[in-house]
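Source file: structure01.txt. Holds: compact mmCIF, C-alpha atoms and all ligand atoms.
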# COMPACT_ATOMS: atom_id res chain seq x y z
CA MET A 1 -49.74 13.48 91.63
CA PRO A 2 -50.77 14.64 88.11
CA THR A 3 -54.07 16.50 88.07
CA THR A 4 -56.74 15.93 85.46
CA SER A 5 -57.18 18.76 82.94
CA PRO A 6 -58.87 19.17 79.55
CA GLY A 7 -55.60 17.84 78.10
CA PRO A 8 -53.62 18.83 75.06
CA ARG A 9 -55.20 19.09 71.62
CA PHE A 10 -52.49 16.99 70.00
CA THR A 11 -49.96 14.56 71.47
CA PHE A 12 -47.10 12.49 70.01
CA PRO A 13 -49.25 9.33 69.55
CA ASP A 14 -51.63 11.47 67.46
CA PHE A 15 -49.06 11.55 64.61
CA ALA A 16 -49.74 7.83 64.03
CA ARG A 17 -53.46 8.11 64.72
CA TYR A 18 -53.93 11.00 62.28
CA LYS A 19 -51.97 9.12 59.60
CA ALA A 20 -54.12 6.00 60.08
CA GLU A 21 -57.30 8.10 59.95
CA HIS A 22 -56.10 10.13 56.93
CA ARG A 23 -56.43 13.34 58.93
CA ARG A 24 -53.98 16.06 57.90
CA ILE A 25 -51.57 17.31 60.57
CA THR A 26 -51.03 21.09 60.83
CA MET A 27 -47.66 22.43 61.93
CA VAL A 28 -46.27 25.97 61.96
CA THR A 29 -43.12 27.46 63.37
CA ALA A 30 -43.33 29.66 66.47
CA TYR A 31 -40.42 31.49 68.05
CA ASP A 32 -41.80 33.56 70.91
CA TYR A 33 -44.80 34.18 73.15
CA PRO A 34 -46.97 36.13 70.66
CA THR A 35 -46.42 33.74 67.74
CA ALA A 36 -47.15 30.78 70.04
CA ARG A 37 -50.33 32.48 71.33
CA LEU A 38 -51.50 33.02 67.75
CA ALA A 39 -50.69 29.48 66.55
CA ASP A 40 -52.34 28.00 69.62
CA ALA A 41 -55.44 30.20 69.33
CA ALA A 42 -55.76 29.21 65.65
CA GLY A 43 -55.79 25.55 66.74
CA LEU A 44 -52.60 24.39 65.02
CA ASP A 45 -51.64 20.84 66.03
CA VAL A 46 -47.87 21.33 66.31
CA LEU A 47 -45.79 24.42 67.12
CA LEU A 48 -42.23 23.96 65.88
CA VAL A 49 -39.55 26.12 67.46
CA GLY A 50 -37.50 25.93 64.29
CA ASP A 51 -33.86 26.88 64.06
CA SER A 52 -35.11 28.92 61.09
CA LEU A 53 -35.36 31.58 63.78
CA ALA A 54 -31.78 32.25 62.75
CA ASN A 55 -33.12 33.62 59.46
CA VAL A 56 -36.48 35.16 60.32
CA VAL A 57 -35.85 36.41 63.88
CA LEU A 58 -32.08 36.93 64.15
CA GLY A 59 -31.40 38.03 60.55
CA LEU A 60 -28.69 35.44 59.93
CA PRO A 61 -28.12 33.98 56.45
CA ARG A 62 -27.82 30.39 57.75
CA THR A 63 -29.13 28.34 60.67
CA LEU A 64 -25.71 27.01 61.69
CA PRO A 65 -24.69 29.69 64.25
CA VAL A 66 -27.75 29.18 66.47
CA THR A 67 -26.84 27.88 69.93
CA MET A 68 -28.51 25.58 72.45
CA GLU A 69 -28.99 28.54 74.81
CA GLU A 70 -30.76 30.58 72.10
CA MET A 71 -33.02 27.65 71.19
CA LEU A 72 -33.86 27.05 74.86
CA TYR A 73 -34.63 30.75 75.37
CA HIS A 74 -37.07 30.81 72.44
CA THR A 75 -38.60 27.44 73.36
CA ARG A 76 -39.39 28.71 76.88
CA ALA A 77 -41.25 31.69 75.39
CA VAL A 78 -43.22 29.38 73.07
CA THR A 79 -44.23 26.94 75.80
CA ARG A 80 -45.42 29.91 77.90
CA GLY A 81 -47.68 31.00 75.03
CA ASN A 82 -48.98 27.56 74.14
CA GLN A 83 -51.90 25.79 75.81
CA GLY A 84 -53.02 22.86 73.70
CA GLY A 85 -50.61 22.38 70.80
CA LEU A 86 -47.59 20.10 70.75
CA VAL A 87 -44.31 22.00 71.13
CA VAL A 88 -41.38 20.52 69.23
CA ALA A 89 -37.96 22.18 69.56
CA ASP A 90 -35.35 22.06 66.83
CA MET A 91 -31.93 20.79 67.90
CA PRO A 92 -29.28 23.24 66.67
CA PHE A 93 -26.21 22.36 64.62
CA LEU A 94 -23.62 20.31 66.58
CA SER A 95 -25.96 19.66 69.51
CA TYR A 96 -26.60 16.06 68.39
CA GLN A 97 -23.99 15.13 65.77
CA VAL A 98 -20.89 14.78 67.95
CA SER A 99 -21.95 11.89 70.18
CA VAL A 100 -25.07 10.00 71.18
CA GLU A 101 -24.50 10.97 74.81
CA ASP A 102 -24.36 14.65 73.90
CA ALA A 103 -27.46 14.27 71.78
CA VAL A 104 -29.55 12.74 74.57
CA ARG A 105 -28.35 15.28 77.14
CA ASN A 106 -29.09 18.23 74.86
CA ALA A 107 -32.46 16.85 73.75
CA GLY A 108 -33.41 16.31 77.39
CA ARG A 109 -32.69 19.95 78.19
CA PHE A 110 -35.53 21.04 75.88
CA LEU A 111 -38.00 18.97 77.92
CA LYS A 112 -36.49 19.63 81.33
CA GLU A 113 -35.55 23.31 81.08
CA ALA A 114 -37.92 24.68 78.44
CA GLY A 115 -41.09 22.58 78.69
CA ALA A 116 -41.00 21.24 75.11
CA ASP A 117 -42.87 18.04 74.34
CA GLY A 118 -40.20 16.67 72.00
CA VAL A 119 -37.38 17.56 69.63
CA LYS A 120 -36.63 17.61 65.92
CA LEU A 121 -33.29 16.92 64.33
CA GLU A 122 -31.96 16.77 60.79
CA GLY A 123 -30.55 13.74 58.98
CA GLY A 124 -31.32 10.14 58.06
CA ALA A 125 -29.50 6.89 58.87
CA GLU A 126 -26.51 8.78 60.33
CA VAL A 127 -28.60 10.18 63.20
CA ALA A 128 -30.68 7.02 63.81
CA PRO A 129 -28.52 5.87 66.80
CA ALA A 130 -29.05 9.26 68.48
CA VAL A 131 -32.80 9.11 67.75
CA ALA A 132 -33.03 5.57 69.22
CA ALA A 133 -31.20 6.67 72.38
CA MET A 134 -33.46 9.72 72.82
CA VAL A 135 -36.60 7.64 72.37
CA CYS A 136 -35.20 5.14 74.91
CA ALA A 137 -34.76 8.02 77.33
CA GLY A 138 -38.41 9.00 76.85
CA ILE A 139 -37.80 11.92 74.51
CA PRO A 140 -40.15 11.95 71.49
CA VAL A 141 -38.43 12.79 68.21
CA VAL A 142 -39.40 14.20 64.82
CA GLY A 143 -36.90 13.50 62.01
CA HIS A 144 -36.11 15.73 59.04
CA VAL A 145 -34.81 14.63 55.63
CA GLY A 146 -34.51 16.22 52.17
CA LEU A 147 -33.18 19.76 52.18
CA THR A 148 -31.76 19.90 55.69
CA PRO A 149 -30.53 23.50 56.08
CA GLN A 150 -27.76 22.62 58.57
CA SER A 151 -26.08 20.72 55.68
CA VAL A 152 -26.45 23.56 53.17
CA ALA A 153 -22.71 23.65 52.44
CA LYS A 154 -22.69 19.93 51.63
CA PHE A 155 -25.58 20.44 49.18
CA GLY A 156 -23.90 23.47 47.59
CA GLY A 157 -26.92 25.68 48.36
CA TYR A 158 -30.63 25.47 49.11
CA LYS A 159 -31.49 22.90 46.43
CA VAL A 160 -34.36 20.46 45.92
CA GLN A 161 -33.30 16.98 47.07
CA GLY A 162 -34.30 13.56 45.71
CA ARG A 163 -34.57 14.51 42.05
CA GLY A 164 -32.37 11.59 40.95
CA ALA A 165 -33.47 7.99 41.57
CA GLU A 166 -30.43 7.24 43.74
CA ASP A 167 -30.88 10.37 45.81
CA ALA A 168 -34.60 9.65 46.26
CA ARG A 169 -33.74 6.08 47.37
CA ARG A 170 -31.28 7.55 49.91
CA LEU A 171 -34.09 9.70 51.34
CA LEU A 172 -36.34 6.65 51.64
CA ILE A 173 -33.62 4.59 53.36
CA GLY A 174 -32.87 7.49 55.70
CA ALA A 175 -36.53 7.99 56.62
CA GLN A 176 -36.96 4.25 57.18
CA ALA A 177 -33.94 4.27 59.53
CA LEU A 178 -35.60 7.11 61.49
CA GLU A 179 -38.82 5.11 61.68
CA ARG A 180 -36.98 2.03 62.97
CA ALA A 181 -35.21 4.22 65.53
CA GLY A 182 -38.59 5.28 66.89
CA ALA A 183 -39.17 8.74 65.40
CA SER A 184 -42.84 9.79 65.61
CA ALA A 185 -42.86 11.75 62.34
CA VAL A 186 -40.49 12.84 59.59
CA VAL A 187 -40.34 16.28 57.97
CA LEU A 188 -39.72 16.14 54.22
CA GLU A 189 -38.26 19.43 53.00
CA CYS A 190 -37.99 20.39 49.33
CA VAL A 191 -38.43 17.03 47.64
CA PRO A 192 -40.42 16.36 44.46
CA ASP A 193 -44.09 15.68 45.18
CA ARG A 194 -44.01 12.16 43.71
CA VAL A 195 -41.03 11.22 45.89
CA ALA A 196 -42.83 12.58 48.97
CA GLU A 197 -45.94 10.64 48.01
CA ARG A 198 -43.90 7.42 47.72
CA LEU A 199 -42.23 8.01 51.11
CA THR A 200 -45.60 8.78 52.72
CA ARG A 201 -47.00 5.52 51.34
CA GLU A 202 -44.01 3.38 52.33
CA LEU A 203 -43.43 4.81 55.79
CA GLY A 204 -45.39 3.80 58.88
CA VAL A 205 -44.70 7.18 60.51
CA ALA A 206 -46.36 10.42 59.51
CA THR A 207 -44.66 12.67 56.98
CA ILE A 208 -44.84 16.46 57.34
CA GLY A 209 -44.09 18.30 54.11
CA ILE A 210 -42.59 21.67 53.37
CA GLY A 211 -42.10 22.06 49.65
CA ALA A 212 -42.97 18.37 49.28
CA GLY A 213 -46.42 18.47 47.67
CA ALA A 214 -49.90 17.59 48.87
CA ALA A 215 -49.57 13.87 49.55
CA CYS A 216 -47.77 14.22 52.91
CA ASP A 217 -49.63 13.40 56.11
CA GLY A 218 -49.23 16.99 57.25
CA GLN A 219 -47.75 20.35 56.30
CA VAL A 220 -45.44 22.85 57.97
CA LEU A 221 -44.66 26.45 57.05
CA VAL A 222 -42.49 29.13 58.60
CA PHE A 223 -44.75 31.58 60.49
CA HIS A 224 -43.19 34.70 58.97
CA ASP A 225 -43.63 33.33 55.41
CA LEU A 226 -47.23 32.29 56.03
CA VAL A 227 -48.40 35.62 57.45
CA GLY A 228 -46.28 37.70 55.06
CA LEU A 229 -43.80 39.11 57.55
CA SER A 230 -40.71 38.06 55.66
CA GLU A 231 -39.23 40.38 53.06
CA GLY A 232 -38.00 39.50 49.58
CA LYS A 233 -38.97 36.72 47.22
CA SER A 234 -40.36 33.57 48.83
CA PRO A 235 -39.62 30.05 47.59
CA ARG A 236 -42.36 28.59 45.37
CA PHE A 237 -43.70 26.28 48.10
CA VAL A 238 -44.63 29.23 50.33
CA LYS A 239 -48.15 30.56 50.35
CA ARG A 240 -48.60 33.99 51.95
CA TYR A 241 -51.98 33.99 53.65
CA ALA A 242 -51.67 37.63 54.72
CA ASP A 243 -49.47 40.70 54.24
CA LEU A 244 -48.52 41.57 57.81
CA HIS A 245 -45.35 43.27 56.57
CA GLY A 246 -47.47 45.72 54.57
CA VAL A 247 -49.92 46.23 57.43
CA ALA A 248 -47.12 46.88 59.97
CA LEU A 249 -45.26 49.19 57.62
CA GLU A 250 -48.36 51.27 57.00
CA ALA A 251 -49.14 51.45 60.75
CA LEU A 252 -45.58 52.52 61.61
CA GLY A 253 -45.61 55.16 58.87
CA ARG A 254 -48.89 56.63 60.13
CA TYR A 255 -47.63 56.63 63.73
CA ALA A 256 -44.45 58.52 62.78
CA GLU A 257 -46.50 61.00 60.72
CA GLU A 258 -48.93 61.67 63.59
CA VAL A 259 -46.13 62.14 66.14
CA ARG A 260 -44.32 64.56 63.82
CA GLY A 261 -47.58 66.39 63.11
CA GLY A 262 -48.52 66.63 66.82
CA ARG A 263 -51.68 64.51 66.34
CA PHE A 264 -50.51 61.67 68.60
CA PRO A 265 -50.99 61.35 71.51
CA ALA A 266 -54.50 62.83 71.41
CA GLU A 267 -56.53 63.83 74.47
CA GLY A 268 -57.93 60.31 74.82
CA ASN A 269 -54.41 58.82 75.05
CA ALA A 270 -53.36 60.98 78.03
CA TYR A 271 -53.84 60.60 81.80
CA THR A 272 -55.53 63.33 83.82
CA ILE A 273 -54.96 64.77 87.27
CA ASP A 274 -57.50 66.29 89.61
CA GLU A 275 -57.48 70.12 89.36
CA GLU A 276 -57.05 70.55 93.12
CA GLU A 277 -54.10 68.12 93.20
CA PHE A 278 -52.53 69.91 90.26
CA ARG A 279 -52.65 73.27 92.03
CA ARG A 280 -50.95 71.77 95.09
CA ILE A 281 -47.88 70.63 93.15
O1 LIG B 1 -36.33 25.33 61.22
C1 LIG B 1 -37.41 25.18 60.67
O2 LIG B 1 -38.26 26.07 60.63
C2 LIG B 1 -37.68 23.89 60.04
C3 LIG B 1 -38.91 23.78 59.22
C4 LIG B 1 -38.73 24.49 57.94
C5 LIG B 1 -39.32 22.37 59.00
O3 LIG B 1 -36.92 22.99 60.20

Rewrite the structure from the file as structure tokens, please.
Amino acid sequence: MPTTSPGPRFTFPDFARYKAEHRRITMVTAYDYPTARLADAAGLDVLLVGDSLANVVLGLPRTLPVTMEEMLYHTRAVTRGNQGGLVVADMPFLSYQVSVEDAVRNAGRFLKEAGADGVKLEGGAEVAPAVAAMVCAGIPVVGHVGLTPQSVAKFGGYKVQGRGAEDARRLLIGAQALERAGASAVVLECVPDRVAERLTRELGVATIGIGAGAACDGQVLVFHDLVGLSEGKSPRFVKRYADLHGVALEALGRYAEEVRGGRFPAEGNAYTIDEEEFRRI
């Protein structure tokens, strides 16, 4: 029998409630135990185990090679570190596009084997049948339209989507299909702010923006971008709230210097042995 507990801070029905109450939803990616602990301690509503881990954790140029097993492995670490946030796991490329049956089985594995609360997948009308089947099976779903990185080759690169009227209309139709299929929220990635504002107004489900302006019902950022752990130039929608890369680099440099100079470990970092015991060795 389920026991009563303080309960989670945010649940799937809260996407709709927050939208109705004009409360902004906070989402951040998390890929392992420490990032989940941090996001949870900071009180973020949703922890997304994004397949962006391909880029920021595995050093891959694209998200496409990531496997179900890798996503499950990282999701397990995140659920172990999370206490009150909602954990949403990204479905990797080809885990939901081949057949609806495949999609439901793979989505279910995130809940059954990794403790996720729900899944996210990329695409509009073309994935609506898979979304409907997952929801029917009791698996909550977050959709994702706009710049969907698994389709980067089709887009010819990481480009803003929905800049033309027809393209923007396609995004709206796709997001509406996800809503009808039962998705709880839709991520809008790299779309013009006015297009995101229109979608947010016309959709009954919550929109979560990344590079989609301020009108969305919530925002998501990649953890490593937000805390300044990623190297190189960030896209314009990223705001670095800290420079952890700089802090870590400086700490590692000082550590190496102290080891080379014989200043670490110091007396306080060593264990002692009783004099009598030492003599008996
Ligand atoms: O994989 C990811 O991190 C994502 C977010 C950027 C929305 O899909």

Axis-aligned box for all listed atoms of ligand LIG 1 (chain B), 5 Å per side, centre and edges in Å to one decimal, as JSON:
{"center_x": -37.8, "center_y": 24.2, "center_z": 59.6, "size_x": 13.0, "size_y": 13.7, "size_z": 13.3}

Check the smallest atom-to-atom distance from each of A:Val259, A:Val152, A:Ala185, A:Val49 to ligand LIG 1 (chain B) using only C-alpha atoms and all ligand atoms, then report the winner. A:Val49

Please report, as a tab-separated table, each residue of range 66-181 of chain A lying at most 8 Å from range 14-32 of chain A, together with the nearest pair of atoms and the separation in Å rounded to one decimal; use all atoms listed in the file, and order rows by chain and ascending residue number.
residue	atom	partner	partner_atom	distance
A:His74	CA	A:Tyr31	CA	5.6
A:Thr75	CA	A:Tyr31	CA	6.9
A:Ala77	CA	A:Asp32	CA	4.9
A:Val78	CA	A:Asp32	CA	4.9
A:Gly81	CA	A:Asp32	CA	7.6

Selected residues written out, C-alpha atoms, as an mmCIF file, in the coordinates of the input:
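Heads up, here's the output in out.cif:
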data_model
loop_
_atom_site.group_PDB
_atom_site.id
_atom_site.type_symbol
_atom_site.label_atom_id
_atom_site.label_comp_id
_atom_site.auth_asym_id
_atom_site.auth_seq_id
_atom_site.Cartn_x
_atom_site.Cartn_y
_atom_site.Cartn_z
ATOM 1 C CA HIS A 74 -37.070 30.810 72.440
ATOM 2 C CA THR A 75 -38.600 27.440 73.360
ATOM 3 C CA ALA A 77 -41.250 31.690 75.390
ATOM 4 C CA VAL A 78 -43.220 29.380 73.070
ATOM 5 C CA GLY A 81 -47.680 31.000 75.030
#

Given only C-alpha atoms and all ligand atoms, how would the per-residue table for chain A near ligand LIG 1 (chain B) read, listing every residue at most 6 Å away with its closest atom pair and distance in Å to one decimal, sorted by chain and number, as JSON lines?
{"residue": "A:Thr29", "atom": "CA", "partner": "B:LIG1", "partner_atom": "O2", "distance": 5.7}
{"residue": "A:Gly50", "atom": "CA", "partner": "B:LIG1", "partner_atom": "O1", "distance": 3.3}
{"residue": "A:Asp51", "atom": "CA", "partner": "B:LIG1", "partner_atom": "O1", "distance": 4.1}
{"residue": "A:Ser52", "atom": "CA", "partner": "B:LIG1", "partner_atom": "O1", "distance": 3.8}
{"residue": "A:Val222", "atom": "CA", "partner": "B:LIG1", "partner_atom": "O2", "distance": 5.6}

Quick one: write out the picked residues with C-alpha atoms as a PDB file, in the frame of the given file?
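See part-v3.pdb below for the written result:
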ATOM      1  CA  THR A  29     -43.120  27.460  63.370  1.00  0.00           C
ATOM      2  CA  GLY A  50     -37.500  25.930  64.290  1.00  0.00           C
ATOM      3  CA  ASP A  51     -33.860  26.880  64.060  1.00  0.00           C
ATOM      4  CA  SER A  52     -35.110  28.920  61.090  1.00  0.00           C
ATOM      5  CA  VAL A 222     -42.490  29.130  58.600  1.00  0.00           C
TER       6      VAL A 222
END

A straight line from CA of Phe10 in chain A to CA of Cys216 in chain A spans 17.9 Å

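Neighbouring residues of Gly213 in chain A at 9 Å or closer, counting all atoms listed in the file and skipping chain neighbours under 3 positions away, are A:Cys190, A:Val191, A:Pro192, A:Asp193, A:Arg194, A:Ala196, A:Glu197, A:Gly209, A:Ile210, A:Cys216, A:Gln219, A:Phe237.
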
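Using all atoms listed in the file for every distance, the candidate list A:Asp217, A:Gly211, A:Glu250, A:Arg37 yields A:Gly211 as the residue closest to Pro235 in chain A.
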
Check the smallest atom-to-atom distance from each of A:Lys120, A:Lys112, A:Arg260, A:Arg279 to Leu48 in chain A using all atoms listed in the file, then report the winner. A:Lys120

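For the residues A:Ala39, A:Glu179, A:Gln161, A:Val195, ranking by smallest atom-to-atom distance to Leu221 in chain A using only C-alpha atoms places A:Ala39 first.
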
Rank A:Val66, A:Val127, A:Ala251, A:Leu226 by their smallest atom-to-atom distance to Tyr96 in chain A, using only C-alpha atoms, and report the top residue only. A:Val127

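Of the listed residues A:Pro13, A:Gly262, A:Pro8, A:Gly43, the one whose atoms come nearest to Gly182 in chain A is A:Pro13, with distances taken using all atoms listed in the file.
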
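Picture a line from CA of Phe110 in chain A to CA of Leu72 in chain A; it runs 6.3 Å.
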
Local residues around (-42.2, 21.0, 73.7), at most 10 Å away, using all atoms listed in the file, as a ChimeraX atom specification: /A:46-49,75-76,78-79,82,85-90,110-112,114-119,140

Computed gap from CA of Pro149 in chain A to CA of Leu203 in chain A is 22.7 Å

When you look at Val131 in chain A with a cut-off of 8 Å (counting all atoms listed in the file), what residues show up, excluding the ones that are within fewer than 2 positions of it in the same chain? I need them as a PyMOL selection string. chain A and resi 127-129+133-135+141+178+181-183

Contacts of Gly124 in chain A at 9 Å or less, counting all atoms listed in the file, minus same-chain residues fewer than 3 places along, as a PDB file with C-alpha atoms, in the coordinates of the input?
ATOM      1  CA  VAL A 127     -28.600  10.180  63.200  1.00  0.00           C
ATOM      2  CA  ALA A 128     -30.680   7.020  63.810  1.00  0.00           C
ATOM      3  CA  GLY A 143     -36.900  13.500  62.010  1.00  0.00           C
ATOM      4  CA  HIS A 144     -36.110  15.730  59.040  1.00  0.00           C
ATOM      5  CA  VAL A 145     -34.810  14.630  55.630  1.00  0.00           C
ATOM      6  CA  ARG A 170     -31.280   7.550  49.910  1.00  0.00           C
ATOM      7  CA  LEU A 171     -34.090   9.700  51.340  1.00  0.00           C
ATOM      8  CA  LEU A 172     -36.340   6.650  51.640  1.00  0.00           C
ATOM      9  CA  ILE A 173     -33.620   4.590  53.360  1.00  0.00           C
ATOM     10  CA  GLY A 174     -32.870   7.490  55.700  1.00  0.00           C
ATOM     11  CA  ALA A 175     -36.530   7.990  56.620  1.00  0.00           C
ATOM     12  CA  GLN A 176     -36.960   4.250  57.180  1.00  0.00           C
ATOM     13  CA  ALA A 177     -33.940   4.270  59.530  1.00  0.00           C
ATOM     14  CA  LEU A 178     -35.600   7.110  61.490  1.00  0.00           C
TER      15      LEU A 178
END

Where atoms are missing, can you supply N, CA, C and O atoms for range 197-220 of chain A and output the lot as a compact mmCIF listing (two decimals), in the coordinates of the input?
# COMPACT_ATOMS: atom_id res chain seq x y z
N GLU A 197 -44.75 11.52 48.01
CA GLU A 197 -45.94 10.64 48.01
C GLU A 197 -45.53 9.19 48.23
O GLU A 197 -46.13 8.46 49.02
N ARG A 198 -44.43 8.79 47.57
CA ARG A 198 -43.90 7.42 47.72
C ARG A 198 -43.43 7.17 49.16
O ARG A 198 -43.74 6.14 49.76
N LEU A 199 -42.71 8.15 49.72
CA LEU A 199 -42.23 8.01 51.11
C LEU A 199 -43.42 7.93 52.07
O LEU A 199 -43.42 7.12 53.00
N THR A 200 -44.42 8.76 51.84
CA THR A 200 -45.60 8.78 52.72
C THR A 200 -46.31 7.43 52.68
O THR A 200 -46.78 6.93 53.70
N ARG A 201 -46.35 6.83 51.49
CA ARG A 201 -47.00 5.52 51.34
C ARG A 201 -46.17 4.42 52.00
O ARG A 201 -46.71 3.51 52.63
N GLU A 202 -44.85 4.48 51.84
CA GLU A 202 -44.01 3.38 52.33
C GLU A 202 -43.67 3.47 53.81
O GLU A 202 -43.28 2.47 54.41
N LEU A 203 -43.80 4.66 54.38
CA LEU A 203 -43.43 4.81 55.79
C LEU A 203 -44.63 4.57 56.71
O LEU A 203 -45.76 4.93 56.37
N GLY A 204 -44.34 3.98 57.87
CA GLY A 204 -45.39 3.80 58.88
C GLY A 204 -45.60 5.07 59.68
O GLY A 204 -46.67 5.29 60.24
N VAL A 205 -44.56 5.93 59.73
CA VAL A 205 -44.70 7.18 60.51
C VAL A 205 -45.22 8.29 59.60
O VAL A 205 -45.09 8.23 58.37
N ALA A 206 -45.78 9.30 60.25
CA ALA A 206 -46.36 10.42 59.51
C ALA A 206 -45.27 11.25 58.84
O ALA A 206 -44.17 11.42 59.39
N THR A 207 -45.57 11.75 57.65
CA THR A 207 -44.66 12.67 56.98
C THR A 207 -45.27 14.07 57.05
O THR A 207 -46.48 14.24 56.91
N ILE A 208 -44.40 15.06 57.28
CA ILE A 208 -44.84 16.46 57.34
C ILE A 208 -44.06 17.18 56.25
O ILE A 208 -42.83 17.25 56.30
N GLY A 209 -44.77 17.70 55.27
CA GLY A 209 -44.09 18.30 54.11
C GLY A 209 -43.91 19.79 54.21
O GLY A 209 -44.73 20.51 54.79
N ILE A 210 -42.81 20.23 53.63
CA ILE A 210 -42.59 21.67 53.37
C ILE A 210 -41.91 21.71 52.01
O ILE A 210 -40.78 21.26 51.86
N GLY A 211 -42.62 22.14 51.01
CA GLY A 211 -42.10 22.06 49.65
C GLY A 211 -42.02 20.61 49.19
O GLY A 211 -41.10 20.22 48.49
N ALA A 212 -42.99 19.80 49.61
CA ALA A 212 -42.97 18.37 49.28
C ALA A 212 -44.33 17.90 48.75
O ALA A 212 -44.61 16.70 48.75
N GLY A 213 -45.15 18.83 48.29
CA GLY A 213 -46.42 18.47 47.67
C GLY A 213 -47.53 18.14 48.66
O GLY A 213 -47.34 18.23 49.88
N ALA A 214 -48.66 17.71 48.08
CA ALA A 214 -49.90 17.59 48.87
C ALA A 214 -50.13 16.21 49.46
O ALA A 214 -51.07 16.02 50.22
N ALA A 215 -49.29 15.24 49.11
CA ALA A 215 -49.57 13.87 49.55
C ALA A 215 -49.08 13.57 50.98
O ALA A 215 -49.39 12.51 51.51
N CYS A 216 -48.31 14.47 51.56
CA CYS A 216 -47.77 14.22 52.91
C CYS A 216 -48.91 14.15 53.93
O CYS A 216 -50.00 14.65 53.69
N ASP A 217 -48.61 13.54 55.07
CA ASP A 217 -49.63 13.40 56.11
C ASP A 217 -49.92 14.73 56.81
O ASP A 217 -50.93 14.87 57.50
N GLY A 218 -49.02 15.68 56.66
CA GLY A 218 -49.23 16.99 57.25
C GLY A 218 -48.37 18.02 56.54
O GLY A 218 -47.59 17.67 55.64
N GLN A 219 -48.52 19.27 56.91
CA GLN A 219 -47.75 20.35 56.30
C GLN A 219 -47.17 21.25 57.38
O GLN A 219 -47.77 21.41 58.45
N VAL A 220 -46.03 21.84 57.08
CA VAL A 220 -45.44 22.85 57.97
C VAL A 220 -45.00 24.04 57.13
O VAL A 220 -44.54 23.87 56.00
